[in-house]
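Structure file target10.txt (compact mmCIF, C-alpha atoms and all ligand atoms) follows.
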```txt
# COMPACT_ATOMS: atom_id res chain seq x y z
CA MET B 1105 -8.45 -27.53 16.15
CA SER B 1106 -8.50 -27.75 12.40
CA THR B 1107 -5.53 -26.56 10.40
CA ALA B 1108 -7.07 -27.36 7.01
CA PRO B 1109 -6.93 -24.44 4.61
CA THR B 1110 -10.27 -22.78 4.07
CA ALA B 1111 -11.38 -21.88 0.55
CA PRO B 1112 -10.17 -18.39 -0.31
CA ALA B 1113 -12.94 -15.93 0.49
CA PRO B 1114 -13.35 -13.03 -1.91
CA VAL B 1115 -12.18 -9.61 -0.73
CA THR B 1116 -15.20 -8.10 -2.35
CA GLY B 1117 -17.22 -7.65 0.78
CA ALA B 1118 -19.37 -10.73 0.30
CA ALA B 1119 -18.49 -11.29 3.95
CA GLY B 1120 -20.55 -8.24 4.85
CA ARG B 1121 -23.81 -9.56 3.41
CA GLY B 1122 -26.76 -9.60 5.77
CA ARG B 1123 -25.54 -6.79 8.01
CA ALA B 1124 -26.41 -3.12 8.20
CA PRO B 1125 -24.58 -1.05 5.58
CA LEU B 1126 -21.18 0.15 6.69
CA VAL B 1127 -21.16 3.90 7.33
CA LEU B 1128 -17.57 4.59 6.49
CA ALA B 1129 -17.32 8.35 6.04
CA PRO B 1130 -17.34 9.48 9.73
CA LEU B 1131 -14.70 6.89 10.62
CA VAL B 1132 -12.46 7.96 7.77
CA GLU B 1133 -13.01 11.66 8.50
CA GLU B 1134 -11.95 11.11 12.11
CA ALA B 1135 -8.77 9.36 11.03
CA ALA B 1136 -8.11 11.99 8.32
CA GLU B 1137 -8.45 14.81 10.84
CA VAL B 1138 -5.91 13.25 13.20
CA THR B 1139 -3.62 12.51 10.25
CA ALA B 1140 -3.75 16.11 9.05
CA ALA B 1141 -2.97 17.46 12.52
CA HIS B 1142 0.35 15.57 12.70
CA ALA B 1143 1.45 15.25 9.05
CA ARG B 1144 3.90 18.16 8.94
CA ARG B 1145 5.67 17.13 12.15
CA THR B 1146 5.92 13.42 11.30
CA ASP B 1147 7.40 14.34 7.91
CA THR B 1148 9.90 16.79 9.38
CA GLU B 1149 10.99 14.41 12.15
CA ALA B 1150 10.70 11.25 9.99
CA VAL B 1151 8.69 9.53 12.71
CA PHE B 1152 5.80 7.11 12.41
CA PRO B 1153 2.32 8.71 12.74
CA LEU B 1154 1.39 7.00 16.00
CA GLU B 1155 -1.57 9.33 16.66
CA ALA B 1156 -3.05 8.46 13.27
CA LEU B 1157 -2.41 4.76 13.88
CA ASP B 1158 -4.30 5.09 17.17
CA SER B 1159 -7.23 6.61 15.33
CA LEU B 1160 -7.20 3.70 12.85
CA ARG B 1161 -7.35 1.37 15.86
CA ARG B 1162 -10.07 3.38 17.65
CA THR B 1163 -12.29 3.60 14.56
CA ARG B 1164 -11.53 -0.08 13.83
CA LEU B 1165 -10.51 0.90 10.31
CA LEU B 1166 -7.59 -1.48 10.83
CA GLY B 1167 -10.27 -4.18 10.62
CA LEU B 1168 -12.01 -2.73 7.57
CA LEU B 1169 -11.42 -5.82 5.43
CA VAL B 1170 -12.02 -8.32 8.24
CA PRO B 1171 -15.39 -10.00 7.55
CA SER B 1172 -18.09 -8.99 10.02
CA ALA B 1173 -18.50 -12.67 10.97
CA ASP B 1174 -14.90 -12.50 12.25
CA GLY B 1175 -15.45 -9.29 14.20
CA GLY B 1176 -14.39 -6.75 11.58
CA LEU B 1177 -16.17 -3.95 9.76
CA GLY B 1178 -16.80 -6.25 6.78
CA GLY B 1179 -15.83 -3.55 4.29
CA ARG B 1180 -15.37 -4.11 0.60
CA LEU B 1181 -12.33 -3.48 -1.53
CA GLY B 1182 -13.96 -0.32 -2.89
CA ASP B 1183 -14.36 0.93 0.71
CA MET B 1184 -10.66 0.41 1.29
CA LEU B 1185 -9.78 2.43 -1.80
CA THR B 1186 -12.17 5.23 -0.83
CA ALA B 1187 -10.66 5.43 2.65
CA THR B 1188 -7.09 5.30 1.29
CA ARG B 1189 -7.78 8.12 -1.17
CA ARG B 1190 -9.23 10.29 1.57
CA LEU B 1191 -6.29 9.65 3.90
CA GLY B 1192 -3.88 10.32 1.03
CA ARG B 1193 -5.27 13.84 0.73
CA GLU B 1194 -3.73 14.52 4.15
CA ASP B 1195 -0.63 12.34 4.19
CA MET B 1196 0.66 9.84 1.66
CA SER B 1197 2.73 8.00 4.27
CA LEU B 1198 -0.32 7.25 6.42
CA ALA B 1199 -2.39 6.30 3.36
CA MET B 1200 0.30 3.81 2.31
CA VAL B 1201 0.52 2.44 5.86
CA PHE B 1202 -3.24 1.85 5.80
CA ALA B 1203 -3.36 0.39 2.27
CA MET B 1204 -0.46 -1.99 2.93
CA HIS B 1205 -1.98 -3.14 6.20
CA CYS B 1206 -5.28 -3.85 4.42
CA GLN B 1207 -3.41 -5.82 1.76
CA GLN B 1208 -1.96 -8.03 4.51
CA VAL B 1209 -5.39 -8.44 6.12
CA ALA B 1210 -6.90 -9.52 2.79
CA ALA B 1211 -4.13 -12.10 2.36
CA LEU B 1212 -4.96 -13.56 5.77
CA ALA B 1213 -8.72 -13.48 5.18
CA GLN B 1214 -8.34 -15.24 1.84
CA HIS B 1215 -5.46 -17.65 2.36
CA ALA B 1216 -4.89 -18.37 6.09
CA ASN B 1217 -6.07 -21.69 7.46
CA GLY B 1218 -8.97 -21.89 9.91
CA THR B 1219 -6.84 -21.91 13.06
CA LEU B 1220 -4.83 -18.84 12.17
CA ARG B 1221 -7.92 -17.00 10.97
CA GLY B 1222 -9.68 -17.79 14.25
CA GLU B 1223 -6.72 -16.58 16.31
CA LEU B 1224 -5.96 -13.44 14.37
CA LEU B 1225 -8.90 -11.95 12.46
CA PRO B 1226 -10.95 -11.03 15.56
CA ARG B 1227 -7.92 -9.23 17.01
CA ILE B 1228 -7.41 -7.30 13.77
CA GLY B 1229 -11.15 -6.59 13.64
CA ALA B 1230 -10.96 -5.07 17.12
CA GLY B 1231 -8.15 -2.74 15.98
CA GLU B 1232 -5.51 -4.51 18.11
CA VAL B 1233 -3.16 -5.63 15.36
CA TYR B 1234 -1.30 -3.46 12.87
CA LEU B 1235 0.41 -5.69 10.31
CA ALA B 1236 3.72 -4.94 8.61
CA SER B 1237 4.94 -6.50 5.37
CA VAL B 1238 8.33 -8.19 4.99
CA THR B 1239 8.95 -9.20 1.39
CA THR B 1240 12.03 -7.19 0.33
CA GLU B 1241 15.34 -8.88 1.09
CA ALA B 1242 18.93 -7.69 0.87
CA GLY B 1243 20.46 -8.68 -2.45
CA LYS B 1244 17.22 -9.55 -4.25
CA GLY B 1245 15.67 -6.05 -4.18
CA GLY B 1246 12.07 -6.13 -5.23
CA ALA B 1247 12.13 -9.64 -6.74
CA LEU B 1248 8.93 -10.59 -4.95
CA LEU B 1249 8.73 -14.22 -6.04
CA SER B 1250 12.10 -15.28 -4.68
CA ALA B 1251 13.53 -15.60 -1.19
CA THR B 1252 16.98 -16.39 0.10
CA ALA B 1253 16.56 -16.61 3.91
CA PRO B 1254 15.57 -20.22 4.70
CA LEU B 1255 12.60 -21.04 6.90
CA GLN B 1256 13.60 -23.91 9.20
CA GLN B 1257 11.21 -26.52 10.55
CA ARG B 1258 11.71 -28.05 14.01
CA GLU B 1259 9.08 -30.50 15.14
CA GLY B 1260 5.85 -28.55 14.72
CA ASP B 1261 7.43 -25.11 14.69
CA LEU B 1262 8.80 -22.78 12.04
CA LEU B 1263 12.04 -20.93 12.85
CA LEU B 1264 12.62 -17.47 11.41
CA ASP B 1265 15.89 -15.59 11.13
CA ARG B 1266 15.29 -12.81 8.65
CA PHE B 1267 16.97 -9.51 7.86
CA ALA B 1268 14.40 -7.07 6.45
CA PRO B 1269 15.95 -3.96 4.84
CA ILE B 1270 12.75 -1.93 4.55
CA VAL B 1271 9.64 -2.45 6.68
CA THR B 1272 7.00 0.28 6.77
CA GLY B 1273 6.00 0.89 10.39
CA GLY B 1274 7.96 -2.18 11.45
CA ALA B 1275 9.08 -0.65 14.74
CA HIS B 1276 5.42 -0.26 15.76
CA ALA B 1277 3.83 -3.31 14.13
CA ASP B 1278 1.97 -5.87 16.22
CA GLY B 1279 2.51 -8.62 13.65
CA PHE B 1280 4.44 -9.36 10.49
CA LEU B 1281 3.76 -11.25 7.27
CA VAL B 1282 7.17 -12.49 6.17
CA THR B 1283 8.33 -14.22 2.99
CA MET B 1284 11.07 -16.84 3.32
CA ARG B 1285 12.45 -19.77 1.35
CA SER B 1286 10.25 -22.80 2.06
CA PRO B 1287 11.49 -25.50 4.47
CA HIS B 1288 13.65 -28.20 2.86
CA SER B 1289 13.78 -26.32 -0.47
CA ASP B 1290 16.93 -25.58 -2.45
CA SER B 1291 15.20 -23.23 -4.84
CA GLU B 1292 14.87 -19.54 -4.12
CA HIS B 1293 11.58 -19.67 -6.04
CA ASP B 1294 9.88 -21.87 -3.42
CA VAL B 1295 8.59 -19.06 -1.24
CA SER B 1296 6.39 -19.37 1.85
CA LEU B 1297 4.48 -16.60 3.60
CA VAL B 1298 4.46 -16.82 7.41
CA TYR B 1299 2.62 -14.82 10.04
CA ALA B 1300 4.63 -13.93 13.15
CA ASP B 1301 3.19 -12.05 16.09
CA ARG B 1302 5.47 -9.47 17.65
CA SER B 1303 5.31 -11.45 20.91
CA GLN B 1304 6.80 -14.47 19.10
CA LEU B 1305 9.83 -12.56 17.80
CA GLU B 1306 12.91 -10.72 18.86
CA VAL B 1307 12.63 -7.54 16.78
CA ALA B 1308 15.87 -5.58 16.47
CA CYS B 1309 16.06 -2.25 14.64
CA ALA B 1310 18.89 -2.63 12.13
CA GLY B 1311 19.15 0.81 10.59
CA GLY B 1312 17.73 4.32 10.55
CA TRP B 1313 15.23 6.00 8.22
CA ASP B 1314 16.11 9.37 6.71
CA PRO B 1315 14.69 9.36 3.16
CA HIS B 1316 13.80 12.08 0.66
CA GLY B 1317 10.03 11.46 0.99
CA MET B 1318 7.67 9.02 2.69
CA ARG B 1319 9.44 10.05 5.85
CA ALA B 1320 6.47 9.34 8.13
CA SER B 1321 6.21 5.76 6.84
CA HIS B 1322 9.24 5.06 9.00
CA SER B 1323 10.32 2.13 6.84
CA GLY B 1324 13.62 1.28 8.52
CA ALA B 1325 15.51 -2.02 8.55
CA LEU B 1326 14.76 -4.79 11.07
CA HIS B 1327 16.20 -8.12 12.04
CA LEU B 1328 13.52 -10.65 13.03
CA ARG B 1329 14.27 -13.85 14.95
CA GLY B 1330 11.89 -16.31 16.57
CA SER B 1331 9.69 -19.37 16.15
CA VAL B 1332 6.01 -19.78 15.40
CA PRO B 1333 3.66 -22.79 15.33
CA GLY B 1334 3.46 -24.54 11.95
CA HIS B 1335 -0.12 -23.44 11.29
CA GLN B 1336 1.06 -19.84 10.94
CA VAL B 1337 2.09 -20.47 7.35
CA VAL B 1338 -0.34 -18.57 5.12
CA GLY B 1339 -1.47 -20.67 2.17
CA GLU B 1340 0.64 -23.70 1.30
CA HIS B 1341 4.40 -23.82 1.71
CA GLY B 1342 6.09 -22.78 -1.52
CA ARG B 1343 2.89 -21.34 -3.02
CA PHE B 1344 3.38 -17.63 -2.26
CA ARG B 1345 2.99 -17.02 -6.00
CA ASP B 1346 -0.73 -17.87 -5.69
CA ILE B 1347 -1.15 -15.25 -2.97
CA VAL B 1348 0.67 -12.68 -5.09
CA THR B 1349 -1.48 -13.42 -8.13
CA HIS B 1350 -4.85 -13.40 -6.37
CA THR B 1351 -4.34 -10.95 -3.52
CA PHE B 1352 -0.99 -9.23 -2.93
CA GLY B 1353 -0.47 -7.98 -6.50
CA PRO B 1354 -3.97 -6.63 -7.22
CA LEU B 1355 -4.45 -5.15 -3.75
CA ALA B 1356 -0.99 -3.58 -3.66
CA HIS B 1357 -1.41 -1.87 -6.99
CA LEU B 1358 -4.98 -0.76 -6.30
CA GLY B 1359 -4.17 0.43 -2.77
CA TRP B 1360 -0.95 2.24 -3.65
CA SER B 1361 -2.59 3.91 -6.64
CA ALA B 1362 -5.44 5.10 -4.41
CA ALA B 1363 -2.89 6.57 -1.97
CA TRP B 1364 -1.04 8.36 -4.80
CA LEU B 1365 -4.24 9.63 -6.37
CA GLY B 1366 -5.47 10.91 -3.00
CA THR B 1367 -2.17 12.72 -2.47
CA ALA B 1368 -2.41 14.44 -5.85
CA GLU B 1369 -6.12 15.20 -5.35
CA GLY B 1370 -5.30 16.85 -2.03
CA ALA B 1371 -2.56 18.89 -3.67
CA LEU B 1372 -4.93 20.09 -6.42
CA ALA B 1373 -7.74 20.81 -3.94
CA ARG B 1374 -5.50 22.95 -1.73
CA THR B 1375 -4.11 24.76 -4.78
CA VAL B 1376 -7.55 25.55 -6.22
CA ALA B 1377 -8.79 26.75 -2.82
CA MET B 1378 -5.78 29.05 -2.54
CA LEU B 1379 -6.28 30.42 -6.06
CA ARG B 1380 -9.99 31.05 -5.47
CA SER B 1381 -9.31 33.03 -2.31
CA GLY B 1382 -8.43 36.67 -2.94
CA ARG B 1383 -6.75 36.71 0.47
CA THR B 1384 -4.16 34.02 -0.28
CA ARG B 1385 -3.84 34.31 -4.07
CA GLY B 1386 -1.16 36.97 -4.00
CA GLY B 1387 -0.06 37.89 -7.51
CA ALA B 1388 -1.57 34.88 -9.31
CA LEU B 1389 -3.86 35.94 -12.17
CA LEU B 1390 -6.81 33.63 -12.66
CA ASP B 1391 -7.13 34.53 -16.34
CA SER B 1392 -3.51 33.61 -17.05
CA GLU B 1393 -3.70 31.14 -19.95
CA LEU B 1394 -0.56 29.41 -18.72
CA LEU B 1395 -2.09 28.86 -15.27
CA LEU B 1396 -5.43 27.68 -16.69
CA THR B 1397 -3.76 25.28 -19.11
CA ARG B 1398 -1.64 23.82 -16.32
CA LEU B 1399 -4.65 23.38 -14.04
CA ALA B 1400 -6.55 21.65 -16.86
CA ARG B 1401 -3.68 19.26 -17.49
CA VAL B 1402 -3.45 18.39 -13.79
CA ARG B 1403 -7.17 17.75 -13.63
CA HIS B 1404 -7.01 15.54 -16.76
CA ARG B 1405 -4.16 13.48 -15.33
CA LEU B 1406 -6.14 12.81 -12.16
CA GLU B 1407 -9.36 12.02 -14.03
CA ALA B 1408 -7.46 9.47 -16.12
CA VAL B 1409 -5.97 7.78 -13.04
CA ALA B 1410 -9.36 7.78 -11.27
CA ALA B 1411 -11.01 6.16 -14.30
CA LEU B 1412 -8.27 3.54 -14.57
CA LEU B 1413 -8.53 2.84 -10.84
CA ALA B 1414 -12.29 2.29 -11.14
CA ARG B 1415 -11.90 0.05 -14.20
CA THR B 1416 -9.17 -2.00 -12.55
CA LEU B 1417 -11.23 -2.41 -9.38
CA ASP B 1418 -14.11 -3.69 -11.48
CA ALA B 1419 -11.83 -6.17 -13.26
CA VAL B 1420 -10.31 -7.43 -10.00
CA LEU B 1421 -13.77 -7.93 -8.51
CA HIS B 1422 -15.39 -9.61 -11.50
CA GLU B 1423 -12.72 -11.20 -13.69
CA ASP B 1424 -10.05 -13.87 -13.33
CA VAL B 1425 -7.04 -11.89 -12.06
CA SER B 1426 -4.61 -14.54 -13.30
CA ARG B 1427 -5.54 -13.75 -16.92
CA PRO B 1428 -2.84 -11.77 -18.78
CA ARG B 1429 -5.21 -8.97 -19.81
CA VAL B 1430 -6.18 -8.36 -16.18
CA GLN B 1431 -2.54 -8.52 -15.09
CA LEU B 1432 -1.71 -5.93 -17.77
CA LEU B 1433 -4.46 -3.72 -16.41
CA VAL B 1434 -3.35 -4.09 -12.78
CA ASN B 1435 0.31 -3.42 -13.61
CA GLY B 1436 -0.65 -0.59 -15.96
CA LEU B 1437 -2.61 1.07 -13.17
CA LYS B 1438 0.42 1.05 -10.87
CA VAL B 1439 2.80 2.44 -13.48
CA THR B 1440 0.33 5.03 -14.78
CA ALA B 1441 -0.75 6.22 -11.34
CA SER B 1442 2.86 6.51 -10.15
CA GLU B 1443 3.81 8.59 -13.21
CA GLN B 1444 0.69 10.73 -13.59
CA CYS B 1445 0.18 11.62 -9.92
CA HIS B 1446 3.81 12.69 -9.63
CA ALA B 1447 3.60 14.63 -12.90
CA ALA B 1448 0.40 16.33 -11.73
CA VAL B 1449 2.00 17.69 -8.56
CA GLN B 1450 5.14 18.64 -10.47
CA GLU B 1451 2.91 20.70 -12.77
CA LEU B 1452 1.17 22.31 -9.80
CA VAL B 1453 4.53 23.47 -8.46
CA ASP B 1454 5.22 25.18 -11.78
CA ALA B 1455 1.69 26.59 -11.84
CA VAL B 1456 1.94 28.37 -8.49
CA GLY B 1457 5.68 29.02 -8.34
CA LEU B 1458 8.27 29.22 -5.61
CA ARG B 1459 6.41 30.68 -2.64
CA HIS B 1460 3.34 28.44 -2.75
CA GLY B 1461 4.89 25.47 -4.50
CA TYR B 1462 8.43 25.01 -3.24
CA LEU B 1463 8.70 26.31 0.30
CA ARG B 1464 8.48 23.68 3.01
CA ASP B 1465 6.22 25.82 5.18
CA SER B 1466 3.72 26.59 2.41
CA PRO B 1467 0.21 25.55 3.52
CA LEU B 1468 -0.22 23.83 0.14
CA ALA B 1469 2.40 21.22 1.13
CA LEU B 1470 3.16 20.60 -2.55
CA GLU B 1471 6.83 19.94 -1.92
CA ARG B 1472 5.96 17.19 0.60
CA ALA B 1473 3.48 15.63 -1.84
CA LEU B 1474 6.13 15.78 -4.56
CA ARG B 1475 8.81 14.17 -2.39
CA ASP B 1476 6.38 11.47 -1.27
CA LEU B 1477 5.17 10.77 -4.81
CA ARG B 1478 8.77 10.42 -6.03
CA SER B 1479 8.79 7.06 -4.24
CA ALA B 1480 5.86 5.71 -6.27
CA SER B 1481 7.88 4.44 -9.22
CA LEU B 1482 10.40 2.81 -6.84
CA ASN B 1483 7.87 1.11 -4.58
CA PHE B 1484 8.06 -2.09 -6.55
CA SER B 1485 10.08 -0.85 -9.47
CA ASN B 1486 8.15 0.34 -12.53
CA ASP B 1487 11.00 -1.09 -14.61
CA ARG B 1488 10.15 -4.62 -13.43
CA LEU B 1489 6.47 -4.16 -14.26
CA LEU B 1490 7.20 -2.64 -17.66
CA LEU B 1491 9.35 -5.65 -18.61
CA ALA B 1492 6.56 -8.04 -17.60
CA ASP B 1493 3.96 -5.98 -19.43
CA GLY B 1494 6.09 -5.73 -22.56
CA ARG B 1495 6.22 -9.53 -22.69
CA LEU B 1496 2.44 -9.79 -22.17
CA THR B 1497 1.85 -7.18 -24.89
CA LEU B 1498 3.76 -9.31 -27.40
CA LEU B 1499 1.43 -12.22 -26.64
CA ASP B 1500 -1.65 -10.29 -27.79
CA PRO B 1501 -1.20 -9.33 -31.48
CA GLU B 1502 -4.90 -8.48 -31.78
CA VAL B 1503 -4.57 -5.88 -28.99
CA ARG B 1504 -7.76 -6.77 -27.09
CA LEU B 1505 -7.77 -4.05 -24.48
CA ALA B 1506 -9.41 -4.71 -21.14
C1 LIG T 1601 8.24 4.08 0.90
C2 LIG T 1601 8.53 2.64 0.71
C3 LIG T 1601 8.04 1.72 1.60
C4 LIG T 1601 8.33 0.35 1.47
N1 LIG T 1601 7.86 -0.53 2.40
C5 LIG T 1601 8.18 -1.83 2.30
C6 LIG T 1601 7.73 -2.76 3.28
O1 LIG T 1601 7.00 -2.42 4.20
N2 LIG T 1601 8.11 -4.04 3.16
C7 LIG T 1601 8.90 -4.48 2.15
O2 LIG T 1601 9.21 -5.66 2.11
N3 LIG T 1601 9.34 -3.64 1.19
C8 LIG T 1601 9.00 -2.33 1.25
N4 LIG T 1601 9.43 -1.45 0.28
C9 LIG T 1601 10.29 -1.96 -0.78
C10 LIG T 1601 9.61 -2.00 -2.17
O3 LIG T 1601 8.43 -2.71 -2.13
C11 LIG T 1601 10.55 -2.55 -3.21
O4 LIG T 1601 10.74 -3.89 -3.05
C12 LIG T 1601 11.87 -1.91 -3.12
O5 LIG T 1601 11.69 -0.51 -3.11
C13 LIG T 1601 12.72 -2.30 -4.28
O6 LIG T 1601 13.98 -1.76 -3.99
P1 LIG T 1601 15.05 -1.46 -5.09
O7 LIG T 1601 14.57 -0.32 -5.89
O8 LIG T 1601 16.36 -1.32 -4.43
O9 LIG T 1601 15.16 -2.83 -5.87
P2 LIG T 1601 14.82 -3.37 -7.29
O10 LIG T 1601 13.39 -3.67 -7.50
O11 LIG T 1601 15.71 -4.53 -7.42
O12 LIG T 1601 15.19 -2.24 -8.31
C14 LIG T 1601 16.45 -1.57 -8.37
C15 LIG T 1601 16.66 -1.02 -9.76
O13 LIG T 1601 17.23 -2.08 -10.50
C16 LIG T 1601 16.57 -2.26 -11.71
N5 LIG T 1601 16.19 -3.68 -11.82
C17 LIG T 1601 16.70 -4.63 -11.03
N6 LIG T 1601 16.21 -5.82 -11.41
C18 LIG T 1601 15.40 -5.65 -12.42
C19 LIG T 1601 14.61 -6.52 -13.22
N7 LIG T 1601 14.61 -7.83 -13.07
N8 LIG T 1601 13.86 -5.97 -14.14
C20 LIG T 1601 13.86 -4.65 -14.32
N9 LIG T 1601 14.59 -3.80 -13.62
C21 LIG T 1601 15.37 -4.27 -12.68
C22 LIG T 1601 15.44 -1.29 -11.76
O14 LIG T 1601 15.74 -0.34 -12.75
C23 LIG T 1601 15.37 -0.61 -10.44
O15 LIG T 1601 15.27 0.76 -10.59
C24 LIG T 1601 9.11 -0.09 0.38
C25 LIG T 1601 9.59 0.84 -0.56
C26 LIG T 1601 9.30 2.19 -0.41
C27 LIG T 1601 9.82 3.16 -1.42
```

Any chance you could give the structure as structure tokens?
Ligand SMILES: Cc1cc2nc3c(=O)[nH]c(=O)nc-3n(C[C@H](O)[C@H](O)[C@H](O)COP(=O)(O)OP(=O)(O)OC[C@H]3O[C@@H](n4cnc5c(N)ncnc54)[C@H](O)[C@@H]3O)c2cc1C
Amino acid sequence: MSTAPTAPAPVTGAAGRGRAPLVLAPLVEEAAEVTAAHARRTDTEAVFPLEALDSLRRTRLLGLLVPSADGGLGGRLGDMLTATRRLGREDMSLAMVFAMHCQQVAALAQHANGTLRGELLPRIGAGEVYLASVTTEAGKGGALLSATAPLQQREGDLLLDRFAPIVTGGAHADGFLVTMRSPHSDSEHDVSLVYADRSQLEVACAGGWDPHGMRASHSGALHLRGSVPGHQVVGEHGRFRDIVTHTFGPLAHLGWSAAWLGTAEGALARTVAMLRSGRTRGGALLDSELLLTRLARVRHRLEAVAALLARTLDAVLHEDVSRPRVQLLVNGLKVTASEQCHAAVQELVDAVGLRHGYLRDSPLALERALRDLRSASLNFSNDRLLLADGRLTLLDPEVRLA
């Protein structure tokens, strides 16, 4: 069996060429319906949405970004964003679970060697494998490009012993993509990405999960121990930065932003439906200038994020993502979407007031959307991205916007 790295394949859906067009909407609607049916309970109980995960398996949406030649749906990046937005309308936790899984799949499809691809992609394509992400480490916070836990090498195997403080869906994942310090390296900047199947690990829960929002993401702490064959390194040892630049960064920021936008779109859609219905409107006056102005502002915020999402997708598909102007765009999308989607729902709460906007049992579920969206600026800290973007801005005195 060959272990030579294959050339990175684009995540654009080129893999789907020559097949019948993917009919995505019924699959996504099925998953969205299941998600909606359980969203209130999974939030209240802070438990992982297992029913929704089952529907992602059944519809094979877990294999959306697996090329059709490898047994997946052969979807394109735009399909992933469309599906994430739709799921976000029902539950931001589930939308983030889906987007982050797809980000991991894209990393495997683009950077894994032939052996690992052959072993894993058909299983993901069949809906058998839900992938969790392990990049955050105690002490380093969100410093993605460094790692302290050392990956050991013994004969042909890689030994993992890794504490992971926050792993979305980790208790239910079938496999993990884990960052660790590369074998034989003294530098925390030599980072390797390794795939470990659940069956190859001892997975110990190392903490509970009782957060303000994103409760159904069930992102508790784990301790992972085990060994995997050497070919389960993804990309080259020490070159995780390449994966971040070409895949992890762009897909994370696009996928998360789609989840946040979907959440805010769902909040606005439910609010407008309530206001248009004489039965549920209560005392709200549709000709109130304050209400109309607030609705307009919410709509404008979402239009701006949607436009930026579309522009960033286009840039990621057609331009060199390592160029500073594209990096500025990708980072700017994440920061802008996290701020504007949260601000939009905040404004909706003020627009409709206490009963519809603040009560936990309100059918509008604005308070859940607001709690969930509060995590957006923290999920890879906006402060880190703003520092990076400030430096990049200084390098472009002519201000050539993307
Ligand atoms: C809902 C949710 C799900 C998540 N799921 C996962 C997961 O599945 N897997 C995973 O690995 N991680 C996950 N994370 C973690 C996430 O990706 C970030 O890495 C993590 O939230 C960062 O944690 P932090 O805010 O403590 O750390 P930091 O990023 O270190 O930030 C802490 C604070 O310190 C400041 N700060 C520190 N260093 C700098 C710096 N150099 N520049 C600027 N500011 C700085 C910032 O102001 C920031 O507010 C998840 C997070 C959330 C919210």

Give me, as a Markdown table, the closest atom pair and its distance (Å, one decimal) for every residue of chain B within a cut-off of 8 Å of ligand LIG 1601 (chain T), counting all atoms listed in the file, rows sorted by chain and rising number.
```
| residue | atom | partner | partner_atom | distance |
| --- | --- | --- | --- | --- |
| B:Ser1197 | CA | T:LIG1601 | C1 | 7.6 |
| B:Met1204 | CA | T:LIG1601 | O1 | 7.6 |
| B:Ala1236 | CA | T:LIG1601 | O1 | 6.0 |
| B:Ser1237 | CA | T:LIG1601 | N2 | 4.6 |
| B:Val1238 | CA | T:LIG1601 | O2 | 3.9 |
| B:Thr1239 | CA | T:LIG1601 | O2 | 3.6 |
| B:Thr1240 | CA | T:LIG1601 | O2 | 3.7 |
| B:Glu1241 | CA | T:LIG1601 | O2 | 7.0 |
| B:Lys1244 | CA | T:LIG1601 | O11 | 6.1 |
| B:Gly1245 | CA | T:LIG1601 | O11 | 3.6 |
| B:Gly1246 | CA | T:LIG1601 | O4 | 3.4 |
| B:Ala1247 | CA | T:LIG1601 | O10 | 6.1 |
| B:Leu1248 | CA | T:LIG1601 | O4 | 7.2 |
| B:Ala1268 | CA | T:LIG1601 | O2 | 6.9 |
| B:Pro1269 | CA | T:LIG1601 | O2 | 7.5 |
| B:Ile1270 | CA | T:LIG1601 | C8 | 5.0 |
| B:Val1271 | CA | T:LIG1601 | O1 | 3.6 |
| B:Thr1272 | CA | T:LIG1601 | O1 | 3.7 |
| B:Gly1273 | CA | T:LIG1601 | O1 | 7.1 |
| B:Gly1274 | CA | T:LIG1601 | O1 | 7.3 |
| B:Gly1317 | CA | T:LIG1601 | C1 | 7.6 |
| B:Met1318 | CA | T:LIG1601 | C1 | 5.3 |
| B:Arg1319 | CA | T:LIG1601 | C1 | 7.8 |
| B:Ser1321 | CA | T:LIG1601 | C1 | 6.5 |
| B:Ser1323 | CA | T:LIG1601 | C3 | 5.7 |
| B:Asp1476 | CA | T:LIG1601 | C1 | 7.9 |
| B:Ser1479 | CA | T:LIG1601 | C27 | 4.9 |
| B:Ala1480 | CA | T:LIG1601 | C27 | 6.8 |
| B:Leu1482 | CA | T:LIG1601 | O5 | 5.2 |
| B:Asn1483 | CA | T:LIG1601 | C27 | 4.2 |
| B:Phe1484 | CA | T:LIG1601 | C11 | 4.2 |
| B:Ser1485 | CA | T:LIG1601 | O10 | 4.8 |
| B:Asn1486 | CA | T:LIG1601 | O15 | 7.4 |
| B:Asp1487 | CA | T:LIG1601 | C20 | 4.6 |
| B:Arg1488 | CA | T:LIG1601 | C20 | 3.8 |
| B:Leu1489 | CA | T:LIG1601 | C20 | 7.4 |
| B:Leu1490 | CA | T:LIG1601 | C20 | 7.7 |
| B:Leu1491 | CA | T:LIG1601 | C20 | 6.3 |
```

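Each of B:Val1453, B:Ala1216, B:Met1184, B:Ala1473 was checked against Ala1129 of chain B using all atoms listed in the file; the smallest atom-to-atom distance is that of B:Met1184.
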
| field | Test item: residues at most 9 Å from Thr1497 of chain B, all atoms listed in the file, excluding those fewer than 4 positions along its chain, as a list in words | value | Pro1428, Arg1429, Leu1432, Ala1492, Asp1493, Pro1501 and Val1503 of chain B

Writing out the chosen residues with C-alpha atoms as a tab-separated table (two decimals), in the frame of the given file:
```tsv
chain	number	residue	atom	x	y	z
B	1428	PRO	CA	-2.84	-11.77	-18.78
B	1429	ARG	CA	-5.21	-8.97	-19.81
B	1432	LEU	CA	-1.71	-5.93	-17.77
B	1492	ALA	CA	6.56	-8.04	-17.60
B	1493	ASP	CA	3.96	-5.98	-19.43
B	1501	PRO	CA	-1.20	-9.33	-31.48
B	1503	VAL	CA	-4.57	-5.88	-28.99
```

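The gap separating atom CA of Glu1292 of chain B from atom CA of Arg1343 of chain B is 12.2 Å, in Å to one decimal.
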